[in-house]
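Below: the structure, in structure tokens.
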Amino acid sequence: MAGAAEIPQATGGAQGGSANTDPCTGTYLLCDDFNASQIDTAKWTIGDVEIAHKYPVRPDNVALSTTDDDGAQVTVVDAMSFGDQHAAAPRQGGLLITKDQYGGGRYEARMKSLPGPNGCTCLWNYYDSLNDPSPPATRVYTEIDIEMPAHLATPPAWSTWERTLGFNTWSHTDSDADAKYIDYPSPDVNPFDGKFHIFRWDWHDGSNGALKLEWYVDGILQSSTTEHISDHPAQLWVGTWPAPWPGMVYDFDIVHMYIDWVRIAAL
């Protein structure tokens, strides 16, 4: 599944943003800083599904909390990953799913990853016409991923693997023939350094320019592609799930990833 990285030119950007700025200032299709007393269920479904029909995420594994952000306390979504030492529910994750589908645009989330390869820290969108009540004759499929760490058949040493981000895109179906996989060893960011980072993609779906995807971390362009770009709106998913990938380590009870804010804007 691993693909060769495409090396772009870097652009400038803030390193992880600031806890003191309002992320929802401006015009957004969706923006949530999770500062309310509870998760806004008009915007979000709290995941209660099996990823790939096998790997569970459950509502009890998602909660509002606070955590340290370079000395400041910020309100966050705590998306938990349960390991093999969790007696009640080993190997479960937690995530949020938008109620609505969104098309091409700028997708961003300020997140602090899991502490290591203890599940997938992920941001992705997803639509499959096979799930529709009356599916069309020709399947329609959309998926765009940021996966950390990247899914590698033979992971390298953690010092390299922790910097390797998985950027993927599918159109038409979920088969490898309709996918582009980019495993990108970032020289700019270590998403497992215990700090918040802003993960982003810009999706040109044909309505806002020729089909193209660009992936960024902290405003720095990491990789891009014009291959296998879908034009169908999809729901956004963000959180963690118990990926069964080579190199994953589940010898723990509970570990945490944190979501400070999520927003989607038109390009």
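Each chain in the structure tokens gets a letter, A, B, ..., in the order shown, and its residues are numbered from 1; ligands are numbered from 1 in order too.
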
Taking only residues of range 47-75 of chain A that have an atom at most 12 Å from an atom of range 29-33 of chain A, what is each one's shortest atom pair and its distance in Å to one decimal, using only C-alpha atoms, in chain and number order, as JSON lines?
```
{"residue": "A:Leu64", "atom": "CA", "partner": "A:Asp33", "partner_atom": "CA", "distance": 11.0}
{"residue": "A:Val74", "atom": "CA", "partner": "A:Asp33", "partner_atom": "CA", "distance": 9.8}
{"residue": "A:Thr75", "atom": "CA", "partner": "A:Asp33", "partner_atom": "CA", "distance": 8.0}
```

Q: Compile the contact shell of Arg139 in chain A as a PyMOL selection string: residues with an atom at most 12 Å away, counting only C-alpha atoms, same-chain residues fewer than 2 positions apart removed.
A: chain A and resi 127-132+134-137+141-142+171-175+178+230+232

Residue selection dump (N, CA and C atoms) as a JSON list (two decimals), in the first residue's frame:
```json
[["chain", "number", "residue", "atom", "x", "y", "z"],
["A", 127, "TYR", "N", -17.27, 9.04, 1.81],
["A", 127, "TYR", "CA", -18.60, 8.83, 1.26],
["A", 127, "TYR", "C", -18.55, 7.61, 0.37],
["A", 128, "ASP", "N", -19.53, 6.73, 0.50],
["A", 128, "ASP", "CA", -19.64, 5.54, -0.35],
["A", 128, "ASP", "C", -21.10, 5.37, -0.72],
["A", 129, "SER", "N", -21.39, 5.45, -2.02],
["A", 129, "SER", "CA", -22.78, 5.36, -2.46],
["A", 129, "SER", "C", -23.40, 4.00, -2.14],
["A", 130, "LEU", "N", -22.58, 2.98, -1.85],
["A", 130, "LEU", "CA", -23.13, 1.67, -1.46],
["A", 130, "LEU", "C", -23.90, 1.75, -0.15],
["A", 131, "ASN", "N", -23.65, 2.80, 0.64],
["A", 131, "ASN", "CA", -24.37, 2.98, 1.90],
["A", 131, "ASN", "C", -25.68, 3.73, 1.73],
["A", 132, "ASP", "N", -25.96, 4.24, 0.53],
["A", 132, "ASP", "CA", -27.20, 4.97, 0.29],
["A", 132, "ASP", "C", -28.39, 4.01, 0.30],
["A", 134, "SER", "N", -30.80, 3.83, -1.79],
["A", 134, "SER", "CA", -30.97, 3.35, -3.17],
["A", 134, "SER", "C", -29.69, 3.68, -3.95],
["A", 135, "PRO", "N", -28.67, 2.83, -3.85],
["A", 135, "PRO", "CA", -27.38, 3.13, -4.48],
["A", 135, "PRO", "C", -27.51, 3.25, -6.00],
["A", 136, "PRO", "N", -26.78, 4.17, -6.60],
["A", 136, "PRO", "CA", -26.78, 4.28, -8.06],
["A", 136, "PRO", "C", -26.11, 3.06, -8.70],
["A", 137, "ALA", "N", -26.36, 2.88, -9.99],
["A", 137, "ALA", "CA", -25.79, 1.73, -10.69],
["A", 137, "ALA", "C", -24.27, 1.79, -10.71],
["A", 141, "TYR", "N", -17.44, 7.05, -4.80],
["A", 141, "TYR", "CA", -16.66, 6.90, -3.57],
["A", 141, "TYR", "C", -15.75, 8.10, -3.40],
["A", 142, "THR", "N", -15.70, 8.62, -2.18],
["A", 142, "THR", "CA", -14.79, 9.71, -1.81],
["A", 142, "THR", "C", -14.09, 9.34, -0.52],
["A", 171, "SER", "N", -11.04, 7.77, -5.46],
["A", 171, "SER", "CA", -12.21, 8.20, -6.22],
["A", 171, "SER", "C", -12.83, 6.97, -6.87],
["A", 172, "HIS", "N", -14.12, 7.01, -7.07],
["A", 172, "HIS", "CA", -14.91, 5.96, -7.74],
["A", 172, "HIS", "C", -15.16, 4.75, -6.85],
["A", 173, "THR", "N", -14.10, 4.08, -6.36],
["A", 173, "THR", "CA", -14.26, 2.92, -5.49],
["A", 173, "THR", "C", -13.16, 2.97, -4.43],
["A", 174, "ASP", "N", -13.18, 1.98, -3.52],
["A", 174, "ASP", "CA", -12.14, 1.91, -2.49],
["A", 174, "ASP", "C", -11.03, 0.92, -2.87],
["A", 175, "SER", "N", -10.92, 0.58, -4.13],
["A", 175, "SER", "CA", -9.89, -0.36, -4.57],
["A", 175, "SER", "C", -8.56, 0.37, -4.75],
["A", 178, "ASP", "N", -8.08, 2.64, -7.72],
["A", 178, "ASP", "CA", -8.69, 3.97, -7.68],
["A", 178, "ASP", "C", -8.11, 4.84, -6.57],
["A", 230, "SER", "N", -11.78, 12.73, -5.98],
["A", 230, "SER", "CA", -13.22, 12.63, -6.13],
["A", 230, "SER", "C", -13.85, 14.03, -6.17],
["A", 232, "HIS", "N", -17.27, 14.21, -5.12],
["A", 232, "HIS", "CA", -18.53, 14.04, -4.38],
["A", 232, "HIS", "C", -18.35, 14.47, -2.93]]
```

(Q) So that I can check the surroundings of range 213-215 of chain A, please list as a PyMOL selection string every protein, DNA and RNA residue that reaches within 9 Å of it, counting only C-alpha atoms and ignoring chain neighbours fewer than 3 positions away. (A) chain A and resi 144+146+167+169+199-205+220-227+229

Q | Nearby residues (only C-alpha atoms) at most 7 Å from range 157-164 of chain A, same-chain spacing under 2 positions excluded, as a PyMOL selection string | A | chain A and resi 149-150+155+166+183-186+189-192

Q: as a PyMOL selection string, list the residues of range 19-207 of chain A assigned to alpha helix (DSSP H) by DSSP on the backbone atoms of this structure.
A: chain A and resi 158-161

Mind dumping the selected residues with N, CA and C atoms as a PDB file, in the first residue's frame?
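For reference, result-v3.pdb as written:
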```
ATOM      1  N   TRP A 158      11.321   3.902  14.788  1.00  0.00           N
ATOM      2  CA  TRP A 158      10.322   4.894  15.176  1.00  0.00           C
ATOM      3  C   TRP A 158      10.791   6.313  14.903  1.00  0.00           C
ATOM      4  N   SER A 159      12.081   6.586  15.011  1.00  0.00           N
ATOM      5  CA  SER A 159      12.592   7.933  14.765  1.00  0.00           C
ATOM      6  C   SER A 159      12.305   8.395  13.345  1.00  0.00           C
ATOM      7  N   THR A 160      12.156   7.456  12.416  1.00  0.00           N
ATOM      8  CA  THR A 160      11.758   7.776  11.038  1.00  0.00           C
ATOM      9  C   THR A 160      10.257   7.645  10.856  1.00  0.00           C
ATOM     10  N   TRP A 161       9.695   6.573  11.384  1.00  0.00           N
ATOM     11  CA  TRP A 161       8.268   6.288  11.195  1.00  0.00           C
ATOM     12  C   TRP A 161       7.399   7.383  11.808  1.00  0.00           C
TER      13      TRP A 161
END
```

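You can rank A:Val249, A:Ile259, A:Leu165, A:Ala109 by their closest distance to Asp69 in chain A using only C-alpha atoms, and at the top of that list sits A:Ile259.
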
Q) How would you write, as number ranges by chain, the set of residues in range 93-166 of chain A that DSSP gives as strand (DSSP E or B)? A) A: 93-98, 102, 105-112, 120-128, 141-148, 164-166

Output for the residues just chosen: N, CA and C atoms as an mmCIF file, in the first residue's frame:
```cif
data_model
loop_
_atom_site.group_PDB
_atom_site.id
_atom_site.type_symbol
_atom_site.label_atom_id
_atom_site.label_comp_id
_atom_site.auth_asym_id
_atom_site.auth_seq_id
_atom_site.Cartn_x
_atom_site.Cartn_y
_atom_site.Cartn_z
ATOM 1 N N GLY A 93 -11.353 2.735 19.720
ATOM 2 C CA GLY A 93 -10.999 4.130 19.527
ATOM 3 C C GLY A 93 -12.190 5.029 19.767
ATOM 4 N N GLY A 94 -11.977 6.326 19.495
ATOM 5 C CA GLY A 94 -13.043 7.304 19.630
ATOM 6 C C GLY A 94 -12.905 8.373 18.571
ATOM 7 N N LEU A 95 -14.015 8.777 17.966
ATOM 8 C CA LEU A 95 -13.940 9.797 16.918
ATOM 9 C C LEU A 95 -15.265 10.525 16.770
ATOM 10 N N LEU A 96 -15.185 11.665 16.070
ATOM 11 C CA LEU A 96 -16.349 12.457 15.709
ATOM 12 C C LEU A 96 -16.561 12.399 14.199
ATOM 13 N N ILE A 97 -17.830 12.446 13.779
ATOM 14 C CA ILE A 97 -18.207 12.419 12.370
ATOM 15 C C ILE A 97 -19.174 13.582 12.128
ATOM 16 N N THR A 98 -18.905 14.399 11.133
ATOM 17 C CA THR A 98 -19.820 15.507 10.865
ATOM 18 C C THR A 98 -21.190 14.984 10.452
ATOM 19 N N TYR A 102 -19.589 17.641 3.060
ATOM 20 C CA TYR A 102 -18.966 18.852 2.531
ATOM 21 C C TYR A 102 -18.142 18.496 1.302
ATOM 22 N N GLY A 105 -12.821 22.147 -0.571
ATOM 23 C CA GLY A 105 -12.569 23.254 0.331
ATOM 24 C C GLY A 105 -11.308 23.015 1.129
ATOM 25 N N ARG A 106 -11.130 23.847 2.146
ATOM 26 C CA ARG A 106 -9.985 23.741 3.055
ATOM 27 C C ARG A 106 -10.459 23.081 4.348
ATOM 28 N N TYR A 107 -9.847 21.956 4.677
ATOM 29 C CA TYR A 107 -10.182 21.170 5.852
ATOM 30 C C TYR A 107 -9.013 21.262 6.832
ATOM 31 N N GLU A 108 -9.297 21.647 8.077
ATOM 32 C CA GLU A 108 -8.235 21.833 9.056
ATOM 33 C C GLU A 108 -8.670 21.301 10.422
ATOM 34 N N ALA A 109 -7.703 20.768 11.155
ATOM 35 C CA ALA A 109 -7.927 20.389 12.547
ATOM 36 C C ALA A 109 -6.645 20.633 13.333
ATOM 37 N N ARG A 110 -6.787 21.271 14.489
ATOM 38 C CA ARG A 110 -5.641 21.443 15.387
ATOM 39 C C ARG A 110 -5.697 20.314 16.407
ATOM 40 N N MET A 111 -4.683 19.446 16.385
ATOM 41 C CA MET A 111 -4.737 18.208 17.145
ATOM 42 C C MET A 111 -3.393 17.924 17.806
ATOM 43 N N LYS A 112 -3.449 17.155 18.876
ATOM 44 C CA LYS A 112 -2.262 16.570 19.499
ATOM 45 C C LYS A 112 -2.393 15.061 19.359
ATOM 46 N N CYS A 120 -4.397 4.662 15.158
ATOM 47 C CA CYS A 120 -4.256 5.675 14.113
ATOM 48 C C CYS A 120 -4.813 7.000 14.614
ATOM 49 N N THR A 121 -3.983 8.041 14.630
ATOM 50 C CA THR A 121 -4.445 9.418 14.788
ATOM 51 C C THR A 121 -4.819 9.904 13.395
ATOM 52 N N CYS A 122 -6.104 10.174 13.166
ATOM 53 C CA CYS A 122 -6.563 10.302 11.782
ATOM 54 C C CYS A 122 -7.543 11.456 11.590
ATOM 55 N N LEU A 123 -7.469 12.005 10.392
ATOM 56 C CA LEU A 123 -8.426 12.979 9.887
ATOM 57 C C LEU A 123 -8.748 12.543 8.473
ATOM 58 N N TRP A 124 -10.034 12.292 8.189
ATOM 59 C CA TRP A 124 -10.363 11.845 6.840
ATOM 60 C C TRP A 124 -11.821 12.164 6.524
ATOM 61 N N ASN A 125 -12.102 12.225 5.225
ATOM 62 C CA ASN A 125 -13.510 12.300 4.837
ATOM 63 C C ASN A 125 -13.890 11.033 4.080
ATOM 64 N N TYR A 126 -15.213 10.787 4.017
ATOM 65 C CA TYR A 126 -15.655 9.480 3.532
ATOM 66 C C TYR A 126 -17.090 9.571 3.023
ATOM 67 N N TYR A 127 -17.266 9.039 1.814
ATOM 68 C CA TYR A 127 -18.604 8.833 1.260
ATOM 69 C C TYR A 127 -18.550 7.608 0.372
ATOM 70 N N ASP A 128 -19.532 6.728 0.500
ATOM 71 C CA ASP A 128 -19.641 5.537 -0.349
ATOM 72 C C ASP A 128 -21.102 5.370 -0.718
ATOM 73 N N TYR A 141 -17.439 7.052 -4.805
ATOM 74 C CA TYR A 141 -16.662 6.904 -3.572
ATOM 75 C C TYR A 141 -15.746 8.104 -3.399
ATOM 76 N N THR A 142 -15.703 8.620 -2.177
ATOM 77 C CA THR A 142 -14.791 9.706 -1.814
ATOM 78 C C THR A 142 -14.085 9.339 -0.517
ATOM 79 N N GLU A 143 -12.767 9.482 -0.506
ATOM 80 C CA GLU A 143 -12.016 9.405 0.747
ATOM 81 C C GLU A 143 -10.711 10.179 0.587
ATOM 82 N N ILE A 144 -10.415 11.004 1.585
ATOM 83 C CA ILE A 144 -9.149 11.739 1.667
ATOM 84 C C ILE A 144 -8.642 11.556 3.091
ATOM 85 N N ASP A 145 -7.367 11.161 3.242
ATOM 86 C CA ASP A 145 -6.831 10.805 4.555
ATOM 87 C C ASP A 145 -5.624 11.640 4.946
ATOM 88 N N ILE A 146 -5.515 11.872 6.244
ATOM 89 C CA ILE A 146 -4.246 12.126 6.921
ATOM 90 C C ILE A 146 -4.158 11.077 8.021
ATOM 91 N N GLU A 147 -3.154 10.202 7.943
ATOM 92 C CA GLU A 147 -2.977 9.120 8.902
ATOM 93 C C GLU A 147 -1.607 9.239 9.567
ATOM 94 N N MET A 148 -1.602 9.095 10.897
ATOM 95 C CA MET A 148 -0.346 9.177 11.644
ATOM 96 C C MET A 148 -0.318 8.068 12.693
ATOM 97 N N THR A 164 6.629 10.053 9.430
ATOM 98 C CA THR A 164 6.074 9.651 8.143
ATOM 99 C C THR A 164 4.554 9.751 8.182
ATOM 100 N N LEU A 165 4.023 10.691 7.417
ATOM 101 C CA LEU A 165 2.582 10.929 7.383
ATOM 102 C C LEU A 165 1.966 10.215 6.189
ATOM 103 N N GLY A 166 0.820 9.617 6.406
ATOM 104 C CA GLY A 166 0.095 8.966 5.329
ATOM 105 C C GLY A 166 -0.936 9.901 4.731
#
```

(Q) Which residues are close to Val57 in chain A, i.e. within 8 Å by only C-alpha atoms, leaving aside same-chain residues fewer than 5 positions away? Reply as a PyMOL selection string. (A) chain A and resi 47-51+92-95+240-241

Prev. selection, N, CA and C atoms, output as a PDB file, in the first residue's frame:
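Result file follows (selection_22.pdb):
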```pdb
ATOM      1  N   GLY A  47     -18.873   8.785  17.146  1.00  0.00           N
ATOM      2  CA  GLY A  47     -18.758   7.525  16.429  1.00  0.00           C
ATOM      3  C   GLY A  47     -19.128   6.298  17.249  1.00  0.00           C
ATOM      4  N   ASP A  48     -19.959   5.460  16.644  1.00  0.00           N
ATOM      5  CA  ASP A  48     -20.333   4.161  17.210  1.00  0.00           C
ATOM      6  C   ASP A  48     -20.372   3.173  16.047  1.00  0.00           C
ATOM      7  N   VAL A  49     -19.207   2.891  15.507  1.00  0.00           N
ATOM      8  CA  VAL A  49     -19.094   2.119  14.271  1.00  0.00           C
ATOM      9  C   VAL A  49     -17.893   1.180  14.362  1.00  0.00           C
ATOM     10  N   GLU A  50     -17.804   0.272  13.387  1.00  0.00           N
ATOM     11  CA  GLU A  50     -16.625  -0.551  13.196  1.00  0.00           C
ATOM     12  C   GLU A  50     -15.916  -0.074  11.924  1.00  0.00           C
ATOM     13  N   ILE A  51     -14.707   0.443  12.072  1.00  0.00           N
ATOM     14  CA  ILE A  51     -13.925   0.850  10.914  1.00  0.00           C
ATOM     15  C   ILE A  51     -13.562  -0.393  10.127  1.00  0.00           C
ATOM     16  N   GLN A  92     -10.187  -0.303  21.248  1.00  0.00           N
ATOM     17  CA  GLN A  92     -11.255   0.568  20.770  1.00  0.00           C
ATOM     18  C   GLN A  92     -10.700   1.967  20.587  1.00  0.00           C
ATOM     19  N   GLY A  93     -11.353   2.735  19.720  1.00  0.00           N
ATOM     20  CA  GLY A  93     -10.999   4.130  19.527  1.00  0.00           C
ATOM     21  C   GLY A  93     -12.190   5.029  19.767  1.00  0.00           C
ATOM     22  N   GLY A  94     -11.977   6.326  19.495  1.00  0.00           N
ATOM     23  CA  GLY A  94     -13.043   7.304  19.630  1.00  0.00           C
ATOM     24  C   GLY A  94     -12.905   8.373  18.571  1.00  0.00           C
ATOM     25  N   LEU A  95     -14.015   8.777  17.966  1.00  0.00           N
ATOM     26  CA  LEU A  95     -13.940   9.797  16.918  1.00  0.00           C
ATOM     27  C   LEU A  95     -15.265  10.525  16.770  1.00  0.00           C
ATOM     28  N   THR A 240      -9.407   8.739  16.612  1.00  0.00           N
ATOM     29  CA  THR A 240      -8.485   7.617  16.644  1.00  0.00           C
ATOM     30  C   THR A 240      -9.241   6.305  16.500  1.00  0.00           C
ATOM     31  N   TRP A 241      -8.579   5.327  15.866  1.00  0.00           N
ATOM     32  CA  TRP A 241      -9.166   3.986  15.778  1.00  0.00           C
ATOM     33  C   TRP A 241      -8.039   2.953  15.864  1.00  0.00           C
TER      34      TRP A 241
END
```

**Q.** Atom pair CA of Tyr216 in chain A / CA of Val238 in chain A: separation (Å)
**A.** 16.1 Å

Q.
For Gly17 in chain A, find every residue with an atom within 10 Å (counting only C-alpha atoms), except residues of its own chain fewer than 4 positions away, and show them as a ChimeraX atom specification.
A. /A:13,21,23,110,196-198,218-219

Preceding selection exported with N, CA and C atoms as a PDB file, in the first residue's frame:
```pdb
ATOM      1  N   GLY A  13       4.232  29.105   7.518  1.00  0.00           N
ATOM      2  CA  GLY A  13       3.017  28.982   8.297  1.00  0.00           C
ATOM      3  C   GLY A  13       3.327  28.911   9.772  1.00  0.00           C
ATOM      4  N   THR A  21      -5.911  32.543  20.197  1.00  0.00           N
ATOM      5  CA  THR A  21      -6.661  33.118  19.091  1.00  0.00           C
ATOM      6  C   THR A  21      -7.963  32.354  18.871  1.00  0.00           C
ATOM      7  N   PRO A  23     -10.270  30.456  16.648  1.00  0.00           N
ATOM      8  CA  PRO A  23     -10.142  29.799  15.347  1.00  0.00           C
ATOM      9  C   PRO A  23     -11.349  29.996  14.453  1.00  0.00           C
ATOM     10  N   ARG A 110      -6.787  21.271  14.489  1.00  0.00           N
ATOM     11  CA  ARG A 110      -5.641  21.443  15.387  1.00  0.00           C
ATOM     12  C   ARG A 110      -5.697  20.314  16.407  1.00  0.00           C
ATOM     13  N   PHE A 196       0.615  20.444  19.880  1.00  0.00           N
ATOM     14  CA  PHE A 196      -0.475  20.601  18.926  1.00  0.00           C
ATOM     15  C   PHE A 196       0.090  21.000  17.566  1.00  0.00           C
ATOM     16  N   HIS A 197      -0.532  20.460  16.512  1.00  0.00           N
ATOM     17  CA  HIS A 197      -0.202  20.830  15.141  1.00  0.00           C
ATOM     18  C   HIS A 197      -1.502  21.004  14.362  1.00  0.00           C
ATOM     19  N   ILE A 198      -1.442  21.848  13.335  1.00  0.00           N
ATOM     20  CA  ILE A 198      -2.596  22.074  12.468  1.00  0.00           C
ATOM     21  C   ILE A 198      -2.423  21.232  11.213  1.00  0.00           C
ATOM     22  N   ASP A 218       0.911  22.690   9.829  1.00  0.00           N
ATOM     23  CA  ASP A 218       1.343  23.991  10.350  1.00  0.00           C
ATOM     24  C   ASP A 218       1.611  24.993   9.229  1.00  0.00           C
ATOM     25  N   GLY A 219       0.775  24.939   8.202  1.00  0.00           N
ATOM     26  CA  GLY A 219       0.883  25.867   7.091  1.00  0.00           C
ATOM     27  C   GLY A 219       1.969  25.543   6.094  1.00  0.00           C
TER      28      GLY A 219
END
```

(Q) Neighbouring residues of range 79-82 of chain A were defined as those with any atom within 8 Å, considering only C-alpha atoms; residues of the same chain fewer than 6 positions away were excluded. Please report them as a PyMOL selection string. (A) chain A and resi 61-63+89-95+118-119+239-242+250+252-259

**Q.** Given only C-alpha atoms as the counted atoms, nearest of A:Tyr55, A:Tyr28, A:Trp245, A:Phe34 to Ala266 in chain A
**A.** A:Tyr28

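When only C-alpha atoms are used to compute distances to Asp100 in chain A, the closest of the residues A:Ala177, A:Ala36, A:Val76, A:Ala42 turns out to be A:Ala42.
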
Q) So what do you get for CA of Ala210 in chain A versus CA of Gln235 in chain A, distance-wise? A) 21.5 Å
